[in-house]
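Asker: Before we start, here is the structure in question, set down as structure tokens.
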Amino acid sequence: MKFNWFHLMPYRWLPEDFRERYHGVWVDLPNSLYDPERGHELYNEYLDMLEYADQQGFDAIGVNEHHQNGYGMMPSPNLMAAALARRTSRAMLLVLGNSIALYNPPTRVAEEFAMLDVISGGRLIAGFPVGTPMDVNFCYGQNPVTLRDKYREAHDLILKAWQAREPFAWNGKYTKLRYVNLWPQPIQKPHPPIWIPGTGSIETWDFCAELGYNYSYLSFSGYKRARKVLAGYWDRMAALGKEPNPYSCTFFQQICVSDTDEACEREWWPHVNYFFNKCLHLYPGMMGPPGYMTEASIRAGVVAQAGNTSLNMGGNKSWKELVDGGYIIAGSPATVRQHVDELAQSLRCGHLGVALHIGSAPMELTNRSTYLFANEVIPHVRSIWSEWEDHWWPRALPADKREQPGSHNAAVQARAERPSEVTS
Amino acid sequence: MSDIPRSTLLNLGSGRPSLQVLEAGDGAPLLFLHGAGGIAAWAGALPLLASKYHVYAPLLPGFGQSTGLECLEDQFDLFLHGFDVIEALGLDRPYVVGESLGGWMAAEMAAVRPKDIGRLALAAPVGLWRDEAPVVDLFGCMAHELAPYLFHDMTIPAAQQMLGLTQLFSTKDDRTQEQIETLIGMSRGFRTVAKFLFPIPESGLERRLWRIKAPTLVVWGAQDRFISPMYAEIFREKIAGAEVVQIPNAGHLIGLEKPEPYAEALIRWGQK
């Protein structure tokens with residue numbers, strides 16, 4: 001099993017009366033609540049957390065894209081990945097991802113991902129989300145009716161741009177380019193592994209199966225509620241004749257590790273409460289613009305909407321309810337180990353995205369959790385699914401062939417800084 | 001006069017939309033272009049118009065039994081589609097009445113082919129934009145929140161009926177199969193609207209308004225909270241000879257809220 005340490009980068013200082021005063025955390029939340037000097041502190045602290053995860057041996061470190069959002073401050077995940085590419089050299093870089101229908105032309109994504117792959121020595125995992133309605137429709141103005149068609153065209157263009165060795169013309173419906181000729185090309189051939197985040201629609205499963213991509217199920221409602229959705233995924237894979245390779249599937253789980261179960265509740269509750277009961281204050285009026293979902297998905301959603309998953313994300317819940325419901329896995333290393341094992345077996349996922357920073361959690365608490373998970377949880381669950389081969393992992397340059405940041409300066413320092421040869 | 005319209009299917013040819021057309025009344029032809037809600041019932045001003053006119057009310061693809069939205073890629077396809085409908089119905093320079101979305105479509109059609117629209121009435125049309133009077137975001141709110149923007153008086157039966165329908169969008173899982181089909185039908189119609197109007201219902205109509213040659217009446221509910229009555233003045237300024245009528249105590253859905261004075265204004269304009 002592989003573990004990626006995933007950051008949402010929430011803003012830490014949403015006011016006490018946030019839920020009462022504002023109608024949501026996303027899209028039209030006034031940016032007067034944002035203090036850039038605190039933001040400076042936060043970005044640097046959060047990047048440090050990701051670097052620490054690399055040092056502690058996580059297989060990958062992950063970032064994602066949200067816009068105008070109080071709990072996700074990465075409108076440009078590629079900037080964060082670029083910062084991480086230069087400060088780490090071991091962990092893979094999971095960018096989950098770029099909402100490819102937003103970029104005009106989409107070759108911009110092909111270029112930036114290629115740059116990240118080259119800078120990092122082939123460590124990139126390229127995520128291609130369709131994007132949430134809040135991000136792509138309401139913040140970035142994409143038409144919900146044509147979004148998926150545009151997404152598919154952008155995908156086809158990026159894949160072709162990564163692989164073509166001669167300039168080509170692209171006469172698409174949404175993008176027309178007379179000359180596509182990507183400089184640079186990614187290190188990984190034929191291209192970096194592609195992961196597709198989704199929330200449970202059949203169309204996305206079929207897309208992943210057709211093209212051999214990893215399906216990353218994103219949910220804030222935890223592993224117990226994910227069983228039904230991922231059972232649907234595995235049924236669909238079986239129906240399509242795909243082998244049930246657990247590494248084709250990624251799941252994301254919020255996890256808190258402390259020395260004991262009691263300490264965990266005491267230390268983490270304020271920050272978990274901040275996330276579930278404050279950050280996840282989402283306005284339903286912007287969650288489903290007409291045309292965003294296909295009619296088949298609406299039909300499926302309408303019929304099986306008991307506790308509508310998109311709206312039932314843990315708001316107004318106590319610590320006990322969140323833990324018992326599997327929204328979070330929390331406790332001592334022994335407790336967490338047991339739940340991670342149960343999660344992996346019940347969902348059949350080979351990749352686990354671990355959100356070890358939650359809500360307003362400070363640095364020390366987060367790093368303690370990261371340390372305990374890396375040293376006292378991972379070793380015990382590492383071998384799950386070891387009989388399967390992971391076809392969805394970067395083919396990076398061998399570690400000893402990867403450039404070390406700063407090594408070039410060091411190599412020439414003595415010569416470059418030698419005394420001036422001009423004599424007076 | 002009949003309160004029950006005839007419903008026919010109008011096939012525009014292979015690979016093109018197939019439309020449900022509601023028809024009622026005798027007399028001169030009147031082409032009615034509906035708003036974002038479609039034509040949920042033959043109510044409001046429609047029966048009144050049918051007492052003087054032969055009303056043709058085609059439903060856009062996605063509404064009712066009309067299909068073929070995929071044939072209309074962009075707004076220009078939509079305007080040309082309007083003329084395909086006029087031709088298929090055998091109408092010649094008809095009187096076109098359009099409400100909101102339909103008003104925008106009617107104005108665009110009259111600007112594109114000015115000689116082919118005989119007379120025009122625009123009821124609270126979208127299509128223009130002023131930062132100081134933003135049109136309400138039809139797509140970024142909950143259905144029940146929208147209703148108060150559409151009616152001046154929420155206590156009237158039409159407003160209460162709409163509020164009732166919006167309750168179907170609740171997250172409760174207690175809908176009947178019929179309600180589910182109603183809900184899906186509504187989503188399908190909104191999808192059509194979003195395809196042409198998301199995210200801001202403005203795409204250059206203002207610079208084309210001067211092309212309109214048809215005698216044009218602009219009707220607005222004096223208490224329209226969805227799109228400000230100030231827009232009526234812009235239409236009046238930019239379309240030669242256009243006249244404006246405000247209907248007192250009416251919101252955006254004038255036809256449902258004040259059918260009599262509204263229909264009377266439309267009929268009077270038709271006879272001018």
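Residues in the structure tokens are named by chain (A, B, ... in the order shown) and by number from 1 within that chain; ligands are numbered from 1 in the order shown.
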Give me the chain B side of the contact with chain A, cut-off 8 Å, one line per residue showing its nearest atom pair and distance in Å at one decimal, counting only C-alpha atoms, sorted by chain and residue number, as a tab-separated table.
Answerer:
residue	atom	partner	partner_atom	distance
B:Phe139	CA	A:Pro289	CA	5.6
B:Gly140	CA	A:Met286	CA	4.9
B:Cys141	CA	A:Gly285	CA	4.0
B:Met142	CA	A:Gly285	CA	4.3
B:Ala143	CA	A:Gly285	CA	7.9
B:Thr171	CA	A:Asn308	CA	6.4
B:Lys172	CA	A:Ala306	CA	6.9
B:Asp173	CA	A:Ala306	CA	5.5
B:Ile180	CA	A:Val302	CA	7.3
B:Ile184	CA	A:Arg299	CA	7.4
B:Ser187	CA	A:Pro290	CA	6.2
B:Arg188	CA	A:Pro290	CA	7.7
B:Phe190	CA	A:Pro290	CA	5.6
B:Arg191	CA	A:Pro290	CA	4.6
B:Ala194	CA	A:Pro290	CA	6.2
B:Lys195	CA	A:Val145	CA	5.5
B:Phe198	CA	A:Asn143	CA	5.8
B:Pro199	CA	A:Gly141	CA	5.9
Asker: For the residues selected in the previous step, produce a file with N, CA and C atoms as an mmCIF file, in the first residue's frame.
Answerer:
data_model
loop_
_atom_site.group_PDB
_atom_site.id
_atom_site.type_symbol
_atom_site.label_atom_id
_atom_site.label_comp_id
_atom_site.auth_asym_id
_atom_site.auth_seq_id
_atom_site.Cartn_x
_atom_site.Cartn_y
_atom_site.Cartn_z
ATOM 1 N N PHE B 139 -28.713 30.728 -11.778
ATOM 2 C CA PHE B 139 -28.117 29.394 -11.668
ATOM 3 C C PHE B 139 -27.425 29.156 -10.335
ATOM 4 N N GLY B 140 -27.161 30.218 -9.596
ATOM 5 C CA GLY B 140 -26.377 30.080 -8.372
ATOM 6 C C GLY B 140 -27.198 30.271 -7.118
ATOM 7 N N CYS B 141 -28.426 29.785 -7.126
ATOM 8 C CA CYS B 141 -29.215 29.862 -5.902
ATOM 9 C C CYS B 141 -30.134 28.660 -5.825
ATOM 10 N N MET B 142 -30.753 28.489 -4.675
ATOM 11 C CA MET B 142 -31.668 27.366 -4.513
ATOM 12 C C MET B 142 -33.026 27.743 -5.090
ATOM 13 N N ALA B 143 -33.724 26.757 -5.622
ATOM 14 C CA ALA B 143 -34.970 27.016 -6.339
ATOM 15 C C ALA B 143 -35.953 27.828 -5.501
ATOM 16 N N THR B 171 -33.683 17.786 -0.062
ATOM 17 C CA THR B 171 -32.820 16.598 -0.040
ATOM 18 C C THR B 171 -33.548 15.383 0.531
ATOM 19 N N LYS B 172 -34.792 15.587 0.917
ATOM 20 C CA LYS B 172 -35.529 14.442 1.483
ATOM 21 C C LYS B 172 -35.799 13.405 0.412
ATOM 22 N N ASP B 173 -35.835 12.174 0.833
ATOM 23 C CA ASP B 173 -35.945 11.082 -0.110
ATOM 24 C C ASP B 173 -37.370 10.527 -0.121
ATOM 25 N N ILE B 180 -40.440 12.791 -9.197
ATOM 26 C CA ILE B 180 -39.070 12.650 -9.702
ATOM 27 C C ILE B 180 -39.016 13.017 -11.185
ATOM 28 N N ILE B 184 -36.885 15.989 -12.868
ATOM 29 C CA ILE B 184 -35.917 15.756 -13.942
ATOM 30 C C ILE B 184 -36.294 16.563 -15.179
ATOM 31 N N SER B 187 -35.062 20.012 -14.516
ATOM 32 C CA SER B 187 -33.602 20.100 -14.669
ATOM 33 C C SER B 187 -33.220 20.146 -16.137
ATOM 34 N N ARG B 188 -33.959 19.393 -16.936
ATOM 35 C CA ARG B 188 -33.665 19.337 -18.373
ATOM 36 C C ARG B 188 -33.900 20.707 -19.026
ATOM 37 N N PHE B 190 -33.844 23.658 -17.410
ATOM 38 C CA PHE B 190 -32.824 24.594 -16.904
ATOM 39 C C PHE B 190 -31.490 24.393 -17.613
ATOM 40 N N ARG B 191 -31.254 23.138 -18.000
ATOM 41 C CA ARG B 191 -30.012 22.825 -18.709
ATOM 42 C C ARG B 191 -29.961 23.608 -20.025
ATOM 43 N N ALA B 194 -29.234 27.214 -19.196
ATOM 44 C CA ALA B 194 -27.826 27.416 -18.829
ATOM 45 C C ALA B 194 -26.921 27.368 -20.051
ATOM 46 N N LYS B 195 -27.258 26.507 -20.985
ATOM 47 C CA LYS B 195 -26.393 26.378 -22.158
ATOM 48 C C LYS B 195 -26.240 27.717 -22.870
ATOM 49 N N PHE B 198 -25.561 30.956 -19.240
ATOM 50 C CA PHE B 198 -24.581 30.884 -18.146
ATOM 51 C C PHE B 198 -23.279 31.547 -18.591
ATOM 52 N N PRO B 199 -22.566 32.259 -17.738
ATOM 53 C CA PRO B 199 -22.928 32.627 -16.371
ATOM 54 C C PRO B 199 -23.614 33.991 -16.285
#
Asker: Can you pull out every residue within 6 Å of region 109-118 of chain B, counting only C-alpha atoms, but drop anything in the same chain fewer than 3 positions away, and send it as a CSV table (one decimal) with N, CA and C atoms, in the first residue's frame?
Answerer:
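Heads up, here's the output in out_24.csv:
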chain,number,residue,atom,x,y,z
B,79,PHE,N,-30.7,31.3,-32.5
B,79,PHE,CA,-31.5,32.3,-33.2
B,79,PHE,C,-31.9,31.8,-34.6
B,93,ARG,N,-43.6,36.7,-41.4
B,93,ARG,CA,-43.4,38.0,-40.6
B,93,ARG,C,-44.4,38.1,-39.4
B,94,PRO,N,-44.3,37.1,-38.5
B,94,PRO,CA,-45.3,37.0,-37.4
B,94,PRO,C,-45.1,38.1,-36.4
B,95,TYR,N,-46.1,38.3,-35.6
B,95,TYR,CA,-46.0,39.1,-34.3
B,95,TYR,C,-45.3,38.1,-33.3
B,106,ALA,N,-36.1,36.7,-29.0
B,106,ALA,CA,-36.9,37.4,-30.0
B,106,ALA,C,-36.2,38.6,-30.5
B,211,ARG,N,-30.5,47.4,-35.2
B,211,ARG,CA,-30.8,46.7,-36.4
B,211,ARG,C,-32.3,46.3,-36.5
B,212,ILE,N,-33.0,46.3,-35.3
B,212,ILE,CA,-34.3,45.9,-35.2
B,212,ILE,C,-35.3,46.9,-35.9
B,213,LYS,N,-36.1,46.4,-36.9
B,213,LYS,CA,-37.0,47.2,-37.7
B,213,LYS,C,-38.4,47.0,-37.2
B,214,ALA,N,-38.7,45.9,-36.6
B,214,ALA,CA,-40.1,45.6,-36.2
B,214,ALA,C,-40.6,46.6,-35.2
Asker: For Asn249 (chain B), list every protein, DNA or RNA residue within 9 Å, evaluated using only C-alpha atoms, and leave out those in the same chain fewer than 6 positions away; present the list as a list in words.
Answerer: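 So the residues in contact are His152, Asp153, Gly221, Ala222, Gln223, Asp224, Glu257 and Lys258 of chain B.
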Asker: Env of region 348-358 of chain A: 8 Å cut, atoms = only C-alpha atoms, seq-sep filter 5 positions within chain, self excluded. Answer as a list in words.
Answerer: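 Returned residues: Met1, Lys2, Phe3, Asn4, Trp5, Phe6, His7, Leu8, Asn245, Pro246, Tyr247, Ser248, Cys249, Thr250, Phe251, Phe252, Gln253, Gln254, Ile255, Cys256, His271, Val272, Phe275, Leu343, Thr366, Ser369, Thr370, Ile384 and Trp385 of chain A.
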Asker: Write out as a compact mmCIF listing (two decimals) with N, CA and C atoms, in the first residue's frame the residues lying within 8 Å of region 52-60 of chain B, counting only C-alpha atoms and excluding same-chain residues fewer than 6 positions away.
Answerer:
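Writing the result to around-v6.txt gives the following:
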# COMPACT_ATOMS: atom_id res chain seq x y z
N LEU B 19 -39.79 19.48 -31.98
CA LEU B 19 -40.38 20.39 -30.99
C LEU B 19 -41.83 20.10 -30.67
N GLN B 20 -42.16 20.25 -29.41
CA GLN B 20 -43.57 20.26 -29.01
C GLN B 20 -44.07 21.70 -29.18
N VAL B 21 -45.19 21.83 -29.92
CA VAL B 21 -45.75 23.16 -30.13
C VAL B 21 -47.16 23.18 -29.54
N LEU B 22 -47.41 24.15 -28.67
CA LEU B 22 -48.75 24.33 -28.13
C LEU B 22 -49.43 25.40 -28.99
N GLU B 23 -50.69 25.17 -29.33
CA GLU B 23 -51.41 26.07 -30.25
C GLU B 23 -52.82 26.26 -29.75
N ALA B 24 -53.30 27.48 -29.83
CA ALA B 24 -54.71 27.72 -29.47
C ALA B 24 -55.19 29.01 -30.13
N GLY B 25 -56.50 29.08 -30.37
CA GLY B 25 -57.12 30.31 -30.86
C GLY B 25 -57.14 30.42 -32.37
N ASP B 26 -57.92 31.42 -32.82
CA ASP B 26 -58.00 31.74 -34.25
C ASP B 26 -57.48 33.16 -34.43
N GLY B 27 -57.44 33.57 -35.64
CA GLY B 27 -57.02 34.95 -35.89
C GLY B 27 -55.60 34.99 -36.41
N ALA B 28 -55.05 36.19 -36.36
CA ALA B 28 -53.70 36.38 -36.89
C ALA B 28 -52.71 35.57 -36.06
N PRO B 29 -51.60 35.13 -36.67
CA PRO B 29 -50.63 34.32 -35.92
C PRO B 29 -49.85 35.16 -34.92
N LEU B 30 -49.58 34.57 -33.77
CA LEU B 30 -48.72 35.18 -32.75
C LEU B 30 -47.76 34.09 -32.28
N LEU B 31 -46.48 34.35 -32.44
CA LEU B 31 -45.48 33.38 -32.00
C LEU B 31 -45.05 33.75 -30.59
N PHE B 32 -45.25 32.82 -29.66
CA PHE B 32 -44.93 33.08 -28.26
C PHE B 32 -43.66 32.33 -27.87
N LEU B 33 -42.64 33.05 -27.43
CA LEU B 33 -41.38 32.42 -26.99
C LEU B 33 -41.30 32.49 -25.48
N HIS B 34 -41.27 31.31 -24.88
CA HIS B 34 -41.38 31.23 -23.41
C HIS B 34 -40.09 31.61 -22.70
N GLY B 38 -40.25 27.62 -19.05
CA GLY B 38 -41.05 26.89 -20.03
C GLY B 38 -42.51 27.29 -19.93
N ILE B 39 -43.39 26.40 -20.35
CA ILE B 39 -44.82 26.66 -20.21
C ILE B 39 -45.40 25.53 -19.37
N LEU B 46 -51.69 33.53 -21.57
CA LEU B 46 -51.80 32.74 -22.80
C LEU B 46 -53.23 32.56 -23.29
N SER B 66 -39.90 18.48 -26.28
CA SER B 66 -38.96 18.94 -27.31
C SER B 66 -37.57 18.38 -27.05
N THR B 67 -36.93 17.93 -28.11
CA THR B 67 -35.59 17.35 -27.99
C THR B 67 -34.65 17.98 -29.02
N VAL B 85 -38.16 27.45 -37.00
CA VAL B 85 -39.49 27.18 -36.44
C VAL B 85 -40.55 28.02 -37.17
N THR B 192 -31.10 23.65 -20.72
CA THR B 192 -31.17 24.43 -21.96
C THR B 192 -30.89 25.90 -21.69
N ILE B 267 -52.16 42.86 -26.85
CA ILE B 267 -53.19 42.83 -27.90
C ILE B 267 -53.31 44.22 -28.54
Asker: From region 44-171 of chain A, collect each residue whose DSSP state is strand (DSSP E) and return the set as a VMD selection string.
Answerer: chain A and resid 60 to 63 92 to 95 124 to 127 168 to 171
Asker: Just the selected residues (N, CA and C atoms), exported as a tab-separated table (two decimals), in the first residue's frame, please.
Answerer:
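The file below, result29.tsv, is the result:
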chain	number	residue	atom	x	y	z
A	60	ALA	N	4.19	9.97	-1.32
A	60	ALA	CA	3.93	11.14	-2.15
A	60	ALA	C	3.42	12.26	-1.25
A	61	ILE	N	3.57	13.49	-1.74
A	61	ILE	CA	2.97	14.62	-1.06
A	61	ILE	C	2.03	15.28	-2.07
A	62	GLY	N	0.86	15.71	-1.57
A	62	GLY	CA	-0.18	16.09	-2.51
A	62	GLY	C	-0.79	17.46	-2.28
A	63	VAL	N	-1.15	18.09	-3.39
A	63	VAL	CA	-1.83	19.39	-3.36
A	63	VAL	C	-2.98	19.37	-4.35
A	92	MET	N	7.04	11.39	-4.30
A	92	MET	CA	6.41	11.77	-5.57
A	92	MET	C	5.53	12.99	-5.33
A	93	LEU	N	5.24	13.71	-6.40
A	93	LEU	CA	4.44	14.94	-6.29
A	93	LEU	C	3.07	14.70	-6.91
A	94	LEU	N	2.07	14.63	-6.04
A	94	LEU	CA	0.71	14.39	-6.50
A	94	LEU	C	0.01	15.74	-6.64
A	95	VAL	N	-0.29	16.10	-7.88
A	95	VAL	CA	-1.03	17.35	-8.11
A	95	VAL	C	-2.42	16.94	-8.58
A	124	LEU	N	6.21	13.37	-11.00
A	124	LEU	CA	4.86	13.93	-11.04
A	124	LEU	C	3.77	12.88	-11.25
A	125	ILE	N	2.71	13.01	-10.45
A	125	ILE	CA	1.44	12.32	-10.73
A	125	ILE	C	0.48	13.43	-11.17
A	126	ALA	N	-0.05	13.29	-12.38
A	126	ALA	CA	-0.87	14.35	-12.96
A	126	ALA	C	-2.35	14.07	-12.72
A	127	GLY	N	-2.99	14.95	-11.96
A	127	GLY	CA	-4.42	14.80	-11.70
A	127	GLY	C	-5.22	15.67	-12.65
A	168	PHE	N	1.92	19.69	-34.42
A	168	PHE	CA	0.64	19.31	-35.05
A	168	PHE	C	-0.37	20.44	-34.88
A	169	ALA	N	-1.41	20.41	-35.74
A	169	ALA	CA	-2.48	21.40	-35.65
A	169	ALA	C	-3.63	20.79	-34.86
A	170	TRP	N	-4.27	21.60	-34.03
A	170	TRP	CA	-5.41	21.12	-33.22
A	170	TRP	C	-6.62	21.98	-33.56
A	171	ASN	N	-7.54	21.38	-34.30
A	171	ASN	CA	-8.75	22.10	-34.66
A	171	ASN	C	-9.91	21.57	-33.83
Asker: Which value, in Å to one decimal, gives the distance between CA of Tyr179 (chain A) and CA of Gln163 (chain A)?
Answerer: 14.5 Å
